[in-house]
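What's in target.txt: compact mmCIF, C-alpha atoms
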```
# COMPACT_ATOMS: atom_id res chain seq x y z
CA VAL K 1 -75.07 32.21 -43.16
CA ALA K 2 -73.59 32.44 -39.65
CA PRO K 3 -75.39 30.85 -36.70
CA HIS K 4 -76.82 33.37 -34.23
CA TYR K 5 -74.11 32.87 -31.59
CA LEU K 6 -71.43 33.66 -34.19
CA LYS K 7 -73.38 36.71 -35.37
CA ILE K 8 -73.27 38.01 -31.79
CA ALA K 9 -69.49 37.51 -31.71
CA LEU K 10 -69.03 39.19 -35.09
CA VAL K 11 -71.12 42.20 -34.09
CA LEU K 12 -69.34 42.59 -30.73
CA ALA K 13 -65.90 42.33 -32.34
CA LEU K 14 -66.71 44.69 -35.23
CA HIS K 15 -68.63 47.30 -33.26
CA CYS K 16 -66.88 47.12 -29.87
CA GLY K 17 -63.48 45.57 -30.53
CA MET K 18 -64.14 42.81 -27.99
CA ARG K 19 -61.85 39.81 -27.72
CA ARG K 20 -63.12 36.30 -28.39
CA GLY K 21 -62.62 35.37 -24.72
CA GLU K 22 -64.59 38.43 -23.61
CA VAL K 23 -67.43 37.43 -25.92
CA CYS K 24 -67.38 33.85 -24.60
CA GLY K 25 -67.45 35.07 -21.01
CA LEU K 26 -70.09 37.76 -21.54
CA LYS K 27 -72.98 37.41 -19.10
CA TRP K 28 -76.33 39.15 -18.99
CA SER K 29 -75.26 40.67 -15.68
CA ASN K 30 -72.56 42.54 -17.67
CA VAL K 31 -75.08 44.06 -20.09
CA ASP K 32 -76.63 47.30 -18.87
CA PHE K 33 -79.27 48.42 -21.35
CA LYS K 34 -80.25 51.31 -19.07
CA THR K 35 -76.83 53.02 -19.29
CA GLY K 36 -75.95 51.51 -22.67
CA PHE K 37 -72.75 49.81 -21.51
CA ILE K 38 -71.22 46.37 -21.34
CA ARG K 39 -69.30 46.28 -18.07
CA LEU K 40 -66.78 43.47 -17.83
CA MET K 41 -65.29 42.48 -14.50
CA ALA K 42 -61.52 42.13 -14.03
CA ASP K 43 -61.69 38.32 -14.25
CA GLN K 44 -63.39 38.58 -17.66
CA THR K 45 -60.62 40.54 -19.38
CA LYS K 46 -57.19 39.50 -20.60
CA GLU K 47 -55.58 42.44 -18.84
CA GLY K 48 -57.25 41.58 -15.51
CA LYS K 49 -58.89 45.00 -15.15
CA PRO K 50 -62.55 45.98 -15.35
CA LYS K 51 -63.67 47.44 -18.66
CA SER K 52 -66.67 49.52 -19.71
CA ILE K 53 -67.65 49.36 -23.38
CA PRO K 54 -70.41 51.59 -24.82
CA MET K 55 -73.03 49.66 -26.81
CA PRO K 56 -73.59 51.01 -30.34
CA PRO K 57 -77.06 50.50 -31.90
CA ALA K 58 -76.06 47.29 -33.75
CA VAL K 59 -74.92 45.73 -30.45
CA ARG K 60 -78.08 46.76 -28.62
CA LYS K 61 -80.14 45.31 -31.49
CA ILE K 62 -78.50 41.89 -31.57
CA LEU K 63 -78.52 41.61 -27.78
CA LYS K 64 -82.22 42.54 -27.69
CA GLU K 65 -82.81 39.79 -30.29
CA THR K 66 -81.03 37.29 -28.02
CA PRO K 67 -83.39 36.24 -25.24
CA PRO K 68 -81.85 35.35 -21.86
CA THR K 69 -82.42 31.78 -20.72
CA LEU K 70 -83.55 30.64 -17.31
CA HIS K 71 -80.59 28.41 -16.53
CA GLN K 72 -77.68 30.29 -18.11
CA ASN K 73 -76.37 33.78 -17.39
CA HIS K 74 -74.09 33.66 -20.45
CA VAL K 75 -75.19 35.70 -23.45
CA VAL K 76 -73.59 33.58 -26.16
CA LEU K 77 -75.01 30.06 -26.13
CA HIS K 78 -74.89 27.16 -28.54
CA MET K 79 -77.38 24.37 -27.91
CA GLY K 80 -78.13 25.87 -24.49
CA LYS K 81 -74.51 25.91 -23.27
CA PRO K 82 -71.88 28.66 -23.11
CA VAL K 83 -69.77 28.85 -26.26
CA PHE K 84 -66.07 28.11 -25.99
CA VAL K 85 -63.32 29.78 -28.03
CA GLY K 86 -62.86 26.77 -30.36
CA THR K 87 -66.56 26.74 -31.20
CA PHE K 88 -66.21 30.19 -32.79
CA THR K 89 -63.29 28.99 -34.90
CA TYR K 90 -65.27 26.09 -36.34
CA ALA K 91 -68.41 28.21 -36.88
CA LEU K 92 -66.47 31.01 -38.56
CA LYS K 93 -64.59 28.60 -40.81
CA THR K 94 -67.86 26.92 -41.85
CA SER K 95 -69.68 30.23 -42.33
CA CYS K 96 -66.84 31.69 -44.40
CA LYS K 97 -66.90 28.63 -46.65
CA LYS K 98 -70.68 28.95 -47.15
CA ALA K 99 -70.33 32.67 -47.92
CA GLY K 100 -67.34 32.25 -50.23
CA ILE K 101 -65.02 34.25 -47.96
CA PRO K 102 -61.42 33.09 -47.43
CA TYR K 103 -60.83 31.95 -43.83
CA GLY K 104 -57.75 31.98 -41.63
CA MET K 105 -54.19 33.24 -41.65
CA LYS K 106 -53.01 30.67 -44.18
CA ASN K 107 -55.27 32.13 -46.89
CA GLU K 108 -54.57 35.49 -48.47
CA ASP K 109 -57.17 37.91 -47.12
CA GLY K 110 -58.45 35.13 -44.86
CA LEU K 111 -60.80 36.24 -42.09
CA ARG K 112 -60.33 35.53 -38.39
CA LEU K 113 -62.50 36.83 -35.55
CA HIS K 114 -59.45 38.72 -34.23
CA ASP K 115 -59.28 40.62 -37.54
CA LEU K 116 -62.48 42.43 -36.57
CA ARG K 117 -60.85 43.63 -33.35
CA ALA K 118 -57.88 44.89 -35.39
CA PHE K 119 -60.34 46.49 -37.82
CA TRP K 120 -61.97 48.27 -34.86
CA LYS K 121 -58.67 49.79 -33.76
CA SER K 122 -57.75 50.83 -37.32
CA GLY K 123 -61.23 52.26 -37.85
CA ALA K 124 -61.14 54.13 -34.56
CA THR K 125 -57.86 55.67 -35.71
CA LYS K 126 -59.39 56.68 -39.05
CA ALA K 127 -62.42 58.08 -37.21
CA GLY K 128 -60.06 60.34 -35.27
CA LEU K 129 -60.31 58.81 -31.81
CA ASP K 130 -57.54 59.79 -29.44
CA PRO K 131 -55.04 56.91 -28.99
CA ALA K 132 -55.61 56.85 -25.23
CA ILE K 133 -59.38 56.50 -25.51
CA ARG K 134 -58.97 53.78 -28.18
CA SER K 135 -56.73 51.90 -25.78
CA LYS K 136 -59.19 52.40 -22.91
CA ILE K 137 -62.09 50.90 -24.88
CA LEU K 138 -59.99 47.97 -26.14
CA GLY K 139 -58.46 47.35 -22.73
CA HIS K 140 -54.88 48.09 -23.79
CA ALA K 141 -52.67 49.53 -21.07
CA LEU K 142 -52.01 53.24 -21.08
CA THR K 143 -48.31 54.01 -21.02
CA GLY K 144 -46.14 56.51 -19.19
CA MET K 145 -47.84 59.27 -17.30
CA ASP K 146 -51.08 58.70 -19.24
CA ALA K 147 -51.66 55.71 -16.99
CA TYR K 148 -51.76 58.03 -13.98
CA TYR K 149 -53.40 61.16 -15.31
CA LEU K 150 -55.98 60.21 -17.92
CA ARG K 151 -59.45 59.47 -16.61
CA PHE K 152 -62.34 58.92 -19.00
CA THR K 153 -66.00 59.21 -18.03
CA ASP K 154 -68.82 57.15 -19.48
CA ASP K 155 -69.76 60.21 -21.54
CA ASP K 156 -66.22 60.35 -22.97
CA LEU K 157 -66.37 56.67 -23.92
CA ARG K 158 -69.86 57.01 -25.39
CA ALA K 159 -68.86 60.04 -27.50
CA ALA K 160 -65.82 58.15 -28.80
CA MET K 161 -67.92 55.09 -29.66
CA ASP K 162 -70.48 57.31 -31.39
CA ARG K 163 -67.71 58.78 -33.52
CA TYR K 164 -66.41 55.30 -34.43
CA THR K 165 -69.96 54.08 -35.18
CA ALA K 166 -70.60 57.00 -37.54
CA TRP K 167 -67.36 56.21 -39.36
CA LEU K 168 -68.21 52.47 -39.53
CA GLU K 169 -71.70 53.12 -40.84
CA GLY K 170 -70.21 55.30 -43.58
CA GLU K 171 -67.76 52.56 -44.54
CA LEU K 172 -70.49 49.91 -44.57
CA GLN K 173 -72.68 52.16 -46.72
CA LYS K 174 -69.84 52.57 -49.23
CA ALA K 175 -69.29 48.79 -49.29
CA TYR K 176 -73.00 48.10 -49.87
CA GLN K 177 -73.15 50.67 -52.68
CA SER K 178 -70.05 49.20 -54.29
CA ALA K 179 -71.45 45.64 -54.04
CA TYR K 180 -74.77 46.81 -55.47
CA GLN K 181 -73.03 48.49 -58.41
CA VAL K 182 -71.03 45.34 -59.16
CA GLN K 183 -74.19 43.25 -58.99
CA ALA K 184 -76.06 45.69 -61.29
CA ILE K 185 -73.21 45.68 -63.83
CA SER K 186 -73.02 41.88 -63.89
CA SER K 187 -76.79 41.46 -64.28
```

Would you write out, as structure tokens, the structure that this file holds?
Amino acid sequence: VAPHYLKIALVLALHCGMRRGEVCGLKWSNVDFKTGFIRLMADQTKEGKPKSIPMPPAVRKILKETPPTLHQNHVVLHMGKPVFVGTFTYALKTSCKKAGIPYGMKNEDGLRLHDLRAFWKSGATKAGLDPAIRSKILGHALTGMDAYYLRFTDDDLRAAMDRYTAWLEGELQKAYQSAYQVQAISS
């Protein structure tokens, strides 16, 4: 039930752990299909440092389904214009209502876009990703001597994202099977 621009945001948050502001600021010049990375510049991240995020298959798919426009370099557009942070809030609230999903912090189990980023970090932990590589992908600062000594290559990041993606696909498969069983029982 979500509009396409919100679907992009949901996929990027769930599969890559991207922040809402990073999604809003994402430009086609940041998307490198050849190497399979989204490469954000320092001015596009909260921490003010460049970030490289491997693109899992679901991200590649939705970005391939999103045609670039002639007059806008931004990826996420609503009515031909870049989407602002508040636009996501309204769209998510409306989409949750249509889907029967609780929305927001004031509702028990209410969904916020940021929850998908938190889900990514929790899922990456459950998938066994090293804390430092989780932080690197999310853009969290490394602490202590890790900040000086740890260097991750694109291959390291890609392998970590592949591991998270395999875990996520397993979780989604379990959720679909569970939903199907509930639907079959109630029919």

If I put a ball of radius 10 Å at (-65.8, 58.7, -31.9) in the file's coordinates, which residues poke into it when counting all atoms listed in the file, written as a ChimeraX atom specification?
-> /K:123-130,133-134,156-167

Closest to Pro57 of chain K among K:Ser122, K:Gly139, K:Gln177, K:Glu169, using all atoms listed in the file?
->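 Among the listed residues, K:Glu169 lies closest to Pro57 of chain K.
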
Residue nearest Arg20 of chain K among K:Arg60, K:His74, K:Arg112, K:Lys136 (counting all atoms listed in the file) = K:Arg112

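Atom CA of Gly36 of chain K is found 23.4 Å from atom CA of Ala141 of chain K.
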
Which residue of K:Tyr5, K:Phe119, K:Tyr180, K:Phe33 approaches Pro82 of chain K most closely, using all atoms listed in the file |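 Checking each candidate against Pro82 of chain K, we get K:Tyr5 as the closest.
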
In Å to one decimal, how far is atom CA of Lys27 of chain K from atom CA of Asn73 of chain K?
->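 Atom-to-atom, atom CA of Asn73 of chain K and atom CA of Lys27 of chain K are spaced 5.3 Å apart.
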
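From atom CA of Val75 of chain K back to atom CA of Ser29 of chain K, the distance works out to 9.2 Å.
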
Taking only C-alpha atoms into account, which of K:Leu172, K:Val85, K:Ala9, K:Leu26 comes nearest Gln72 of chain K?
-> K:Leu26

Can I get segment 122-139 of chain K with N, CA, C and O atoms filled in, as an mmCIF file, keeping the file's coordinate frame?
```cif
data_model
loop_
_atom_site.group_PDB
_atom_site.id
_atom_site.type_symbol
_atom_site.label_atom_id
_atom_site.label_comp_id
_atom_site.auth_asym_id
_atom_site.auth_seq_id
_atom_site.Cartn_x
_atom_site.Cartn_y
_atom_site.Cartn_z
ATOM 1 N N SER K 122 -58.099 50.053 -36.122
ATOM 2 C CA SER K 122 -57.750 50.830 -37.320
ATOM 3 C C SER K 122 -58.857 51.827 -37.648
ATOM 4 O O SER K 122 -58.584 52.990 -37.963
ATOM 5 N N GLY K 123 -60.088 51.379 -37.569
ATOM 6 C CA GLY K 123 -61.230 52.260 -37.850
ATOM 7 C C GLY K 123 -61.344 53.386 -36.853
ATOM 8 O O GLY K 123 -61.643 54.529 -37.218
ATOM 9 N N ALA K 124 -61.095 53.085 -35.583
ATOM 10 C CA ALA K 124 -61.140 54.130 -34.560
ATOM 11 C C ALA K 124 -60.068 55.174 -34.817
ATOM 12 O O ALA K 124 -60.273 56.370 -34.599
ATOM 13 N N THR K 125 -58.929 54.737 -35.334
ATOM 14 C CA THR K 125 -57.860 55.670 -35.710
ATOM 15 C C THR K 125 -58.328 56.548 -36.860
ATOM 16 O O THR K 125 -58.194 57.770 -36.826
ATOM 17 N N LYS K 126 -58.909 55.924 -37.887
ATOM 18 C CA LYS K 126 -59.390 56.680 -39.050
ATOM 19 C C LYS K 126 -60.539 57.623 -38.676
ATOM 20 O O LYS K 126 -60.714 58.671 -39.286
ATOM 21 N N ALA K 127 -61.318 57.239 -37.669
ATOM 22 C CA ALA K 127 -62.420 58.080 -37.210
ATOM 23 C C ALA K 127 -61.935 59.241 -36.345
ATOM 24 O O ALA K 127 -62.722 60.111 -35.972
ATOM 25 N N GLY K 128 -60.642 59.233 -36.028
ATOM 26 C CA GLY K 128 -60.060 60.340 -35.270
ATOM 27 C C GLY K 128 -60.101 60.200 -33.766
ATOM 28 O O GLY K 128 -59.923 61.187 -33.051
ATOM 29 N N LEU K 129 -60.308 58.989 -33.256
ATOM 30 C CA LEU K 129 -60.310 58.810 -31.810
ATOM 31 C C LEU K 129 -58.898 58.959 -31.258
ATOM 32 O O LEU K 129 -57.937 58.477 -31.849
ATOM 33 N N ASP K 130 -58.807 59.613 -30.125
ATOM 34 C CA ASP K 130 -57.540 59.790 -29.440
ATOM 35 C C ASP K 130 -56.957 58.411 -29.108
ATOM 36 O O ASP K 130 -57.705 57.509 -28.707
ATOM 37 N N PRO K 131 -55.644 58.221 -29.278
ATOM 38 C CA PRO K 131 -55.040 56.910 -28.990
ATOM 39 C C PRO K 131 -55.333 56.394 -27.572
ATOM 40 O O PRO K 131 -55.544 55.205 -27.387
ATOM 41 N N ALA K 132 -55.369 57.287 -26.605
ATOM 42 C CA ALA K 132 -55.610 56.850 -25.230
ATOM 43 C C ALA K 132 -57.021 56.320 -25.042
ATOM 44 O O ALA K 132 -57.234 55.318 -24.361
ATOM 45 N N ILE K 133 -58.000 56.961 -25.662
ATOM 46 C CA ILE K 133 -59.380 56.500 -25.510
ATOM 47 C C ILE K 133 -59.602 55.213 -26.301
ATOM 48 O O ILE K 133 -60.347 54.331 -25.872
ATOM 49 N N ARG K 134 -58.909 55.065 -27.442
ATOM 50 C CA ARG K 134 -58.970 53.780 -28.180
ATOM 51 C C ARG K 134 -58.452 52.668 -27.284
ATOM 52 O O ARG K 134 -59.062 51.601 -27.188
ATOM 53 N N SER K 135 -57.328 52.920 -26.654
ATOM 54 C CA SER K 135 -56.730 51.900 -25.780
ATOM 55 C C SER K 135 -57.646 51.586 -24.601
ATOM 56 O O SER K 135 -57.775 50.435 -24.199
ATOM 57 N N LYS K 136 -58.285 52.596 -24.051
ATOM 58 C CA LYS K 136 -59.190 52.400 -22.910
ATOM 59 C C LYS K 136 -60.348 51.484 -23.301
ATOM 60 O O LYS K 136 -60.684 50.554 -22.567
ATOM 61 N N ILE K 137 -60.951 51.723 -24.453
ATOM 62 C CA ILE K 137 -62.090 50.900 -24.880
ATOM 63 C C ILE K 137 -61.643 49.473 -25.178
ATOM 64 O O ILE K 137 -62.329 48.517 -24.808
ATOM 65 N N LEU K 138 -60.480 49.313 -25.811
ATOM 66 C CA LEU K 138 -59.990 47.970 -26.140
ATOM 67 C C LEU K 138 -59.414 47.237 -24.934
ATOM 68 O O LEU K 138 -59.277 46.021 -24.953
ATOM 69 N N GLY K 139 -59.051 47.983 -23.905
ATOM 70 C CA GLY K 139 -58.460 47.350 -22.730
ATOM 71 C C GLY K 139 -56.949 47.277 -22.806
ATOM 72 O O GLY K 139 -56.321 46.538 -22.061
#
```
